[in-house]
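Beneath this line is the structure, given in structure tokens, with notes to follow.
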Amino acid sequence: MIQNKLFFFLFVSLPLAGSAQSRFFTDSLFSSSLNEYRRITIYLPDKYDEHSIVYPVIYTTDGQLITDFYRKSMDSLIENKLTAPFILIGSHSNEQPVGGVEYRNLDYMRMKYNPESPLTIRFNEHMKFYSEELIQYAESNYRVSIKPQERIFYGVSNGADFGVSLAQDHPELVKCFILFSVFGGTEKPFKWKEKDGIYFYLGYGIREMQHVEEEALRMEEYFIKRGISHFLVTWTGGHDRKEWELAFFKALVRLEEQLK
């Protein structure tokens with residue numbers, strides 16, 4: 001807790017980017033896989049329009065959680081040279097209720113296929129949207145890197161569950177995953193190998209439900225046995241958006257130092 005408070009003090013003491021002209025807005029695209037429009041939160045760094053360079057990119061689930069606080073904090077980290085400039089592409093989840101859950105749950109969590117329940121195929125449809133349509137749209141409309149080692153995935157809770165599955169199904173797409181409070185994980189056996197070159201940054205709160213801690217430790221045990229690069233952090237709180245925000249900014253700083 002002392003370390004978290006110290007980092008928070010240092011972070012908020014940084015001068016917020018008074019001159020930064022980053023762009024922060026909502027875009028959208030129609031997904032043929034999901035047969036619906038999806039909103040996308042876009043963050044473009046300062047001077048994006050002045051240069052023709054290609055930027056590293058962070059793809060996120062639950063893009064509606066990426067608030068103006070994120071924008072100001074990302075501006076500050078970049079302006080104070082704690083991280084290199086990057087683009088963020090945040091796909092909003094569909095929070096419409098259906099069958100006692102939300103479409104979000106069906107999109108993010110792999111369900112056992114049931115022909116009597118067509119919604120169980122939603123996960124596969126969303127995986128195709130994310131791994132093909134979203135990334136292709138970002139690369140066609142924004143100057144994001146096409147290099148897997150310059151892509152980061154960021155997800156929390158069930159959004160982190162989806163990150164686990166994305167890393168399982170498409171280890172060639174993204175080489176760095178920030179996963180906080182992995183809620184349900186995946187029933188599929190882990191199959192990553194050291195040669196895949198994937199880096200995992202995991203985190204959970206010590207006041208979360210026990211299975212969240214157990215899933216993080218299960219993943220860490222696998223990583224240690226297989227020699228997979230990873231880092232595990234904890235915080236004193238629980239399943240909380242503010243905890244995830246702070247942990248995300250800390251992750252960006254650490255990744256900047258570690259993955260150079």
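We label chains A, B, ... in the order they appear in the structure tokens, count residues from 1 in each chain, and number ligands from 1 in the order shown.
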Residues near Gly63 of chain A, cut-off 6 Å, only C-alpha atoms, skip fewer than 3 positions along chain, as an MDAnalysis selection string = chainID A and resid 41 66 90:92
Would you mind exporting N, CA and C atoms of the selected residues as an mmCIF file, in the first residue's frame?
data_model
loop_
_atom_site.group_PDB
_atom_site.id
_atom_site.type_symbol
_atom_site.label_atom_id
_atom_site.label_comp_id
_atom_site.auth_asym_id
_atom_site.auth_seq_id
_atom_site.Cartn_x
_atom_site.Cartn_y
_atom_site.Cartn_z
ATOM 1 N N THR A 41 -13.230 3.885 -28.646
ATOM 2 C CA THR A 41 -12.541 5.046 -28.079
ATOM 3 C C THR A 41 -11.150 5.122 -28.691
ATOM 4 N N ILE A 66 -12.366 3.822 -20.804
ATOM 5 C CA ILE A 66 -11.237 4.719 -21.049
ATOM 6 C C ILE A 66 -11.768 6.146 -21.057
ATOM 7 N N GLY A 90 -9.802 1.486 -28.162
ATOM 8 C CA GLY A 90 -10.614 0.811 -27.152
ATOM 9 C C GLY A 90 -11.982 0.423 -27.669
ATOM 10 N N SER A 91 -12.191 -0.860 -27.911
ATOM 11 C CA SER A 91 -13.485 -1.338 -28.399
ATOM 12 C C SER A 91 -14.499 -1.385 -27.257
ATOM 13 N N HIS A 92 -15.622 -0.694 -27.410
ATOM 14 C CA HIS A 92 -16.664 -0.701 -26.384
ATOM 15 C C HIS A 92 -17.335 -2.069 -26.347
#
So that each row is one residue of segment 140-188 of chain A with an atom at most 9 Å from segment 193-199 of chain A, can you give its shortest atom pair and the distance in Å to one decimal, using only C-alpha atoms, rows by chain and rising number, as CSV?
residue,atom,partner,partner_atom,distance
A:Gln149,CA,A:Ile198,CA,8.5
A:Ala167,CA,A:Ile198,CA,8.3
A:Pro171,CA,A:Asp196,CA,6.9
A:Glu172,CA,A:Asp196,CA,7.8
A:Val174,CA,A:Ile198,CA,7.6
A:Lys175,CA,A:Ile198,CA,4.4
A:Cys176,CA,A:Tyr199,CA,4.7
A:Phe177,CA,A:Tyr199,CA,6.3
A:Ile178,CA,A:Tyr199,CA,8.7
How would the residues just picked look written out with all heavy atoms as a compact mmCIF listing (two decimals), in the first residue's frame?
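So again38.txt came out as:
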# COMPACT_ATOMS: atom_id res chain seq x y z
N GLN A 149 5.07 -7.14 -31.86
CA GLN A 149 5.80 -6.73 -30.67
C GLN A 149 5.56 -5.26 -30.32
O GLN A 149 5.97 -4.80 -29.26
CB GLN A 149 7.31 -6.98 -30.85
CG GLN A 149 7.96 -6.18 -31.96
CD GLN A 149 7.94 -6.90 -33.30
OE1 GLN A 149 7.07 -7.73 -33.55
NE2 GLN A 149 8.92 -6.61 -34.15
N ALA A 167 -4.77 -14.45 -26.50
CA ALA A 167 -3.38 -14.94 -26.47
C ALA A 167 -3.32 -16.43 -26.79
O ALA A 167 -2.35 -16.90 -27.39
CB ALA A 167 -2.77 -14.66 -25.10
N PRO A 171 -1.65 -16.17 -30.75
CA PRO A 171 -0.40 -15.70 -30.14
C PRO A 171 0.48 -14.91 -31.11
O PRO A 171 1.41 -14.23 -30.69
CB PRO A 171 0.28 -17.00 -29.70
CG PRO A 171 -0.28 -18.05 -30.61
CD PRO A 171 -1.70 -17.64 -30.85
N GLU A 172 0.14 -15.00 -32.40
CA GLU A 172 0.93 -14.28 -33.41
C GLU A 172 0.54 -12.81 -33.52
O GLU A 172 1.29 -12.01 -34.09
CB GLU A 172 0.76 -14.96 -34.78
CG GLU A 172 -0.55 -14.68 -35.50
CD GLU A 172 -1.77 -15.43 -34.94
OE1 GLU A 172 -1.61 -16.26 -34.03
OE2 GLU A 172 -2.89 -15.17 -35.43
N VAL A 174 -0.44 -10.40 -30.95
CA VAL A 174 -0.02 -9.46 -29.90
C VAL A 174 1.05 -10.14 -29.04
O VAL A 174 0.92 -11.32 -28.71
CB VAL A 174 -1.22 -9.06 -29.01
CG1 VAL A 174 -0.79 -8.09 -27.91
CG2 VAL A 174 -2.33 -8.44 -29.85
N LYS A 175 2.06 -9.38 -28.66
CA LYS A 175 3.16 -9.97 -27.89
C LYS A 175 3.24 -9.45 -26.45
O LYS A 175 4.13 -9.85 -25.70
CB LYS A 175 4.49 -9.72 -28.60
CG LYS A 175 4.60 -10.43 -29.94
CD LYS A 175 4.43 -11.94 -29.81
CE LYS A 175 4.57 -12.65 -31.14
NZ LYS A 175 4.34 -14.12 -31.01
N CYS A 176 2.31 -8.59 -26.06
CA CYS A 176 2.31 -8.09 -24.67
C CYS A 176 0.86 -7.95 -24.20
O CYS A 176 0.05 -7.30 -24.87
CB CYS A 176 3.03 -6.76 -24.57
SG CYS A 176 3.09 -6.09 -22.88
N PHE A 177 0.55 -8.55 -23.06
CA PHE A 177 -0.80 -8.53 -22.52
C PHE A 177 -0.80 -7.98 -21.10
O PHE A 177 -0.08 -8.48 -20.24
CB PHE A 177 -1.39 -9.95 -22.51
CG PHE A 177 -1.75 -10.47 -23.86
CD1 PHE A 177 -0.77 -11.00 -24.70
CD2 PHE A 177 -3.06 -10.42 -24.32
CE1 PHE A 177 -1.09 -11.48 -25.96
CE2 PHE A 177 -3.39 -10.89 -25.58
CZ PHE A 177 -2.40 -11.42 -26.40
N ILE A 178 -1.60 -6.93 -20.87
CA ILE A 178 -1.84 -6.40 -19.54
C ILE A 178 -3.21 -6.90 -19.11
O ILE A 178 -4.23 -6.50 -19.67
CB ILE A 178 -1.80 -4.86 -19.52
CG1 ILE A 178 -0.46 -4.34 -20.03
CG2 ILE A 178 -2.07 -4.33 -18.11
CD1 ILE A 178 -0.40 -2.82 -20.18
Excluding same-chain residues fewer than 5 positions from Lys47 of chain A, what lies within 10 Å of it counting only C-alpha atoms, as a ChimeraX atom specification?
-> /A:20-23,52,85
Give the helix (DSSP H, G or I) residues of segment 22-256 of chain A, as DSSP finds them on the backbone, and put them as number ranges by chain.
-> A: 48-50, 63-65, 68-79, 103-108, 118-141, 148-150, 158-169, 194-196, 210-226, 241-256
Gly99 of chain A surroundings by only C-alpha atoms, 12 Å radius, close-in-sequence under 4 positions cut, as a PyMOL selection string | chain A and resi 103-106+117-120
Written selection (all heavy atoms) as a PDB file, in the first residue's frame:
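Result file follows (result-v4.pdb):
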ATOM      1  N   TYR A 103     -24.577  -9.127 -23.300  1.00  0.00           N
ATOM      2  CA  TYR A 103     -23.830  -9.562 -24.473  1.00  0.00           C
ATOM      3  C   TYR A 103     -22.330  -9.522 -24.193  1.00  0.00           C
ATOM      4  O   TYR A 103     -21.572 -10.328 -24.734  1.00  0.00           O
ATOM      5  CB  TYR A 103     -24.163  -8.677 -25.676  1.00  0.00           C
ATOM      6  CG  TYR A 103     -25.430  -9.076 -26.392  1.00  0.00           C
ATOM      7  CD1 TYR A 103     -26.595  -8.327 -26.256  1.00  0.00           C
ATOM      8  CD2 TYR A 103     -25.467 -10.208 -27.199  1.00  0.00           C
ATOM      9  CE1 TYR A 103     -27.759  -8.691 -26.915  1.00  0.00           C
ATOM     10  CE2 TYR A 103     -26.631 -10.583 -27.863  1.00  0.00           C
ATOM     11  CZ  TYR A 103     -27.771  -9.819 -27.715  1.00  0.00           C
ATOM     12  OH  TYR A 103     -28.925 -10.187 -28.361  1.00  0.00           O
ATOM     13  N   ARG A 104     -21.903  -8.585 -23.361  1.00  0.00           N
ATOM     14  CA  ARG A 104     -20.491  -8.470 -22.984  1.00  0.00           C
ATOM     15  C   ARG A 104     -19.956  -9.793 -22.454  1.00  0.00           C
ATOM     16  O   ARG A 104     -18.860 -10.229 -22.821  1.00  0.00           O
ATOM     17  CB  ARG A 104     -20.326  -7.374 -21.935  1.00  0.00           C
ATOM     18  CG  ARG A 104     -18.924  -7.252 -21.361  1.00  0.00           C
ATOM     19  CD  ARG A 104     -18.894  -6.184 -20.271  1.00  0.00           C
ATOM     20  NE  ARG A 104     -17.558  -6.041 -19.721  1.00  0.00           N
ATOM     21  CZ  ARG A 104     -17.090  -6.785 -18.733  1.00  0.00           C
ATOM     22  NH1 ARG A 104     -17.852  -7.747 -18.195  1.00  0.00           N
ATOM     23  NH2 ARG A 104     -15.863  -6.605 -18.275  1.00  0.00           N
ATOM     24  N   ASN A 105     -20.709 -10.440 -21.565  1.00  0.00           N
ATOM     25  CA  ASN A 105     -20.263 -11.707 -20.998  1.00  0.00           C
ATOM     26  C   ASN A 105     -20.131 -12.775 -22.078  1.00  0.00           C
ATOM     27  O   ASN A 105     -19.171 -13.561 -22.085  1.00  0.00           O
ATOM     28  CB  ASN A 105     -21.226 -12.183 -19.916  1.00  0.00           C
ATOM     29  CG  ASN A 105     -21.423 -11.159 -18.814  1.00  0.00           C
ATOM     30  OD1 ASN A 105     -22.494 -10.568 -18.701  1.00  0.00           O
ATOM     31  ND2 ASN A 105     -20.417 -10.923 -18.001  1.00  0.00           N
ATOM     32  N   LEU A 106     -21.078 -12.812 -22.996  1.00  0.00           N
ATOM     33  CA  LEU A 106     -21.047 -13.804 -24.069  1.00  0.00           C
ATOM     34  C   LEU A 106     -19.907 -13.525 -25.045  1.00  0.00           C
ATOM     35  O   LEU A 106     -19.307 -14.454 -25.599  1.00  0.00           O
ATOM     36  CB  LEU A 106     -22.382 -13.810 -24.810  1.00  0.00           C
ATOM     37  CG  LEU A 106     -23.614 -14.159 -23.964  1.00  0.00           C
ATOM     38  CD1 LEU A 106     -24.883 -13.936 -24.765  1.00  0.00           C
ATOM     39  CD2 LEU A 106     -23.536 -15.604 -23.478  1.00  0.00           C
ATOM     40  N   SER A 117     -28.974 -23.042 -28.036  1.00  0.00           N
ATOM     41  CA  SER A 117     -28.749 -21.678 -27.562  1.00  0.00           C
ATOM     42  C   SER A 117     -27.766 -20.986 -28.501  1.00  0.00           C
ATOM     43  O   SER A 117     -26.556 -21.038 -28.289  1.00  0.00           O
ATOM     44  CB  SER A 117     -28.199 -21.697 -26.127  1.00  0.00           C
ATOM     45  OG  SER A 117     -27.939 -20.386 -25.674  1.00  0.00           O
ATOM     46  N   PRO A 118     -28.261 -20.370 -29.570  1.00  0.00           N
ATOM     47  CA  PRO A 118     -27.386 -19.762 -30.578  1.00  0.00           C
ATOM     48  C   PRO A 118     -26.423 -18.723 -30.018  1.00  0.00           C
ATOM     49  O   PRO A 118     -25.380 -18.461 -30.620  1.00  0.00           O
ATOM     50  CB  PRO A 118     -28.387 -19.114 -31.554  1.00  0.00           C
ATOM     51  CG  PRO A 118     -29.676 -19.797 -31.309  1.00  0.00           C
ATOM     52  CD  PRO A 118     -29.682 -20.192 -29.870  1.00  0.00           C
ATOM     53  N   LEU A 119     -26.736 -18.142 -28.866  1.00  0.00           N
ATOM     54  CA  LEU A 119     -25.878 -17.107 -28.300  1.00  0.00           C
ATOM     55  C   LEU A 119     -24.515 -17.643 -27.881  1.00  0.00           C
ATOM     56  O   LEU A 119     -23.581 -16.864 -27.679  1.00  0.00           O
ATOM     57  CB  LEU A 119     -26.569 -16.452 -27.095  1.00  0.00           C
ATOM     58  CG  LEU A 119     -27.790 -15.580 -27.425  1.00  0.00           C
ATOM     59  CD1 LEU A 119     -28.445 -15.096 -26.150  1.00  0.00           C
ATOM     60  CD2 LEU A 119     -27.385 -14.393 -28.294  1.00  0.00           C
ATOM     61  N   THR A 120     -24.381 -18.964 -27.749  1.00  0.00           N
ATOM     62  CA  THR A 120     -23.082 -19.509 -27.335  1.00  0.00           C
ATOM     63  C   THR A 120     -22.023 -19.331 -28.409  1.00  0.00           C
ATOM     64  O   THR A 120     -20.838 -19.511 -28.141  1.00  0.00           O
ATOM     65  CB  THR A 120     -23.191 -21.000 -26.978  1.00  0.00           C
ATOM     66  OG1 THR A 120     -23.716 -21.725 -28.113  1.00  0.00           O
ATOM     67  CG2 THR A 120     -24.101 -21.200 -25.767  1.00  0.00           C
TER      68      THR A 120
END
Which of segment 35-244 of chain A counts as strand (DSSP E or B) under DSSP, as a ChimeraX atom specification please?
-> /A:36-44,55,57-60,87-91,97-98,101-102,144,151-156,176-180,199-205,230-235
Save the residues we just selected, C-alpha atoms, as an mmCIF file, in the first residue's frame?
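So the final result, stored in selection.cif, reads:
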data_model
loop_
_atom_site.group_PDB
_atom_site.id
_atom_site.type_symbol
_atom_site.label_atom_id
_atom_site.label_comp_id
_atom_site.auth_asym_id
_atom_site.auth_seq_id
_atom_site.Cartn_x
_atom_site.Cartn_y
_atom_site.Cartn_z
ATOM 1 C CA GLU A 36 -23.866 -4.617 -35.268
ATOM 2 C CA TYR A 37 -22.028 -1.340 -34.900
ATOM 3 C CA ARG A 38 -19.321 -1.095 -32.279
ATOM 4 C CA ARG A 39 -18.094 2.156 -30.770
ATOM 5 C CA ILE A 40 -14.360 2.643 -30.385
ATOM 6 C CA THR A 41 -12.541 5.046 -28.079
ATOM 7 C CA ILE A 42 -9.523 6.508 -29.863
ATOM 8 C CA TYR A 43 -6.528 8.201 -28.265
ATOM 9 C CA LEU A 44 -4.018 9.873 -30.589
ATOM 10 C CA TYR A 55 3.002 4.433 -33.434
ATOM 11 C CA VAL A 57 -0.715 0.628 -30.252
ATOM 12 C CA ILE A 58 -2.707 -0.507 -27.230
ATOM 13 C CA TYR A 59 -5.887 -2.440 -28.004
ATOM 14 C CA THR A 60 -8.386 -2.620 -25.150
ATOM 15 C CA ILE A 87 -2.144 5.144 -29.943
ATOM 16 C CA LEU A 88 -4.957 3.529 -27.972
ATOM 17 C CA ILE A 89 -7.870 1.737 -29.636
ATOM 18 C CA GLY A 90 -10.614 0.811 -27.152
ATOM 19 C CA SER A 91 -13.485 -1.338 -28.399
ATOM 20 C CA PRO A 97 -28.887 -7.571 -21.254
ATOM 21 C CA VAL A 98 -29.822 -10.880 -22.819
ATOM 22 C CA VAL A 101 -26.438 -11.798 -18.625
ATOM 23 C CA GLU A 102 -25.039 -9.119 -20.925
ATOM 24 C CA VAL A 144 -0.730 2.065 -35.782
ATOM 25 C CA ARG A 151 0.931 -4.143 -29.983
ATOM 26 C CA ILE A 152 -0.307 -4.312 -26.385
ATOM 27 C CA PHE A 153 -3.601 -5.757 -25.234
ATOM 28 C CA TYR A 154 -5.225 -4.320 -22.086
ATOM 29 C CA GLY A 155 -8.248 -5.876 -20.407
ATOM 30 C CA VAL A 156 -9.877 -6.066 -16.976
ATOM 31 C CA CYS A 176 2.306 -8.095 -24.669
ATOM 32 C CA PHE A 177 -0.804 -8.534 -22.520
ATOM 33 C CA ILE A 178 -1.837 -6.398 -19.536
ATOM 34 C CA LEU A 179 -4.477 -8.462 -17.726
ATOM 35 C CA PHE A 180 -6.026 -7.275 -14.471
ATOM 36 C CA TYR A 199 4.967 -11.091 -22.199
ATOM 37 C CA PHE A 200 2.203 -11.070 -19.583
ATOM 38 C CA TYR A 201 1.662 -8.300 -17.016
ATOM 39 C CA LEU A 202 -0.859 -9.616 -14.479
ATOM 40 C CA GLY A 203 -2.515 -7.983 -11.487
ATOM 41 C CA TYR A 204 -5.260 -8.499 -8.933
ATOM 42 C CA GLY A 205 -6.503 -7.020 -5.658
ATOM 43 C CA HIS A 230 5.730 -12.167 -16.969
ATOM 44 C CA PHE A 231 5.227 -9.817 -14.035
ATOM 45 C CA LEU A 232 2.601 -10.086 -11.295
ATOM 46 C CA VAL A 233 1.405 -7.164 -9.165
ATOM 47 C CA THR A 234 -1.178 -6.911 -6.399
ATOM 48 C CA TRP A 235 -3.045 -4.025 -4.831
#
Please tabulate, as a tab-separated table, the residues of segment 162-213 of chain A that come within 10 Å of segment 124-135 of chain A, each with its closest pair of atoms and the distance in Å to one decimal, counting only C-alpha atoms and ordering rows by chain, then residue number upward.
residue	atom	partner	partner_atom	distance
A:Phe162	CA	A:Met127	CA	8.4
A:Ser165	CA	A:Met127	CA	8.7
A:Leu166	CA	A:Met127	CA	7.4
A:Asp169	CA	A:Met127	CA	8.9
A:His170	CA	A:Ser131	CA	7.8
A:Leu173	CA	A:Ser131	CA	7.7
A:Val174	CA	A:Ser131	CA	9.7
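Here atom CA of Tyr113 of chain A and atom CA of Phe30 of chain A stand 25.1 Å from one another.
Among the candidate residues A:Pro45, A:Gly237, A:Asp62, A:Glu50, the one lying nearest to Ile78 of chain A is A:Pro45, with distances computed using only C-alpha atoms.
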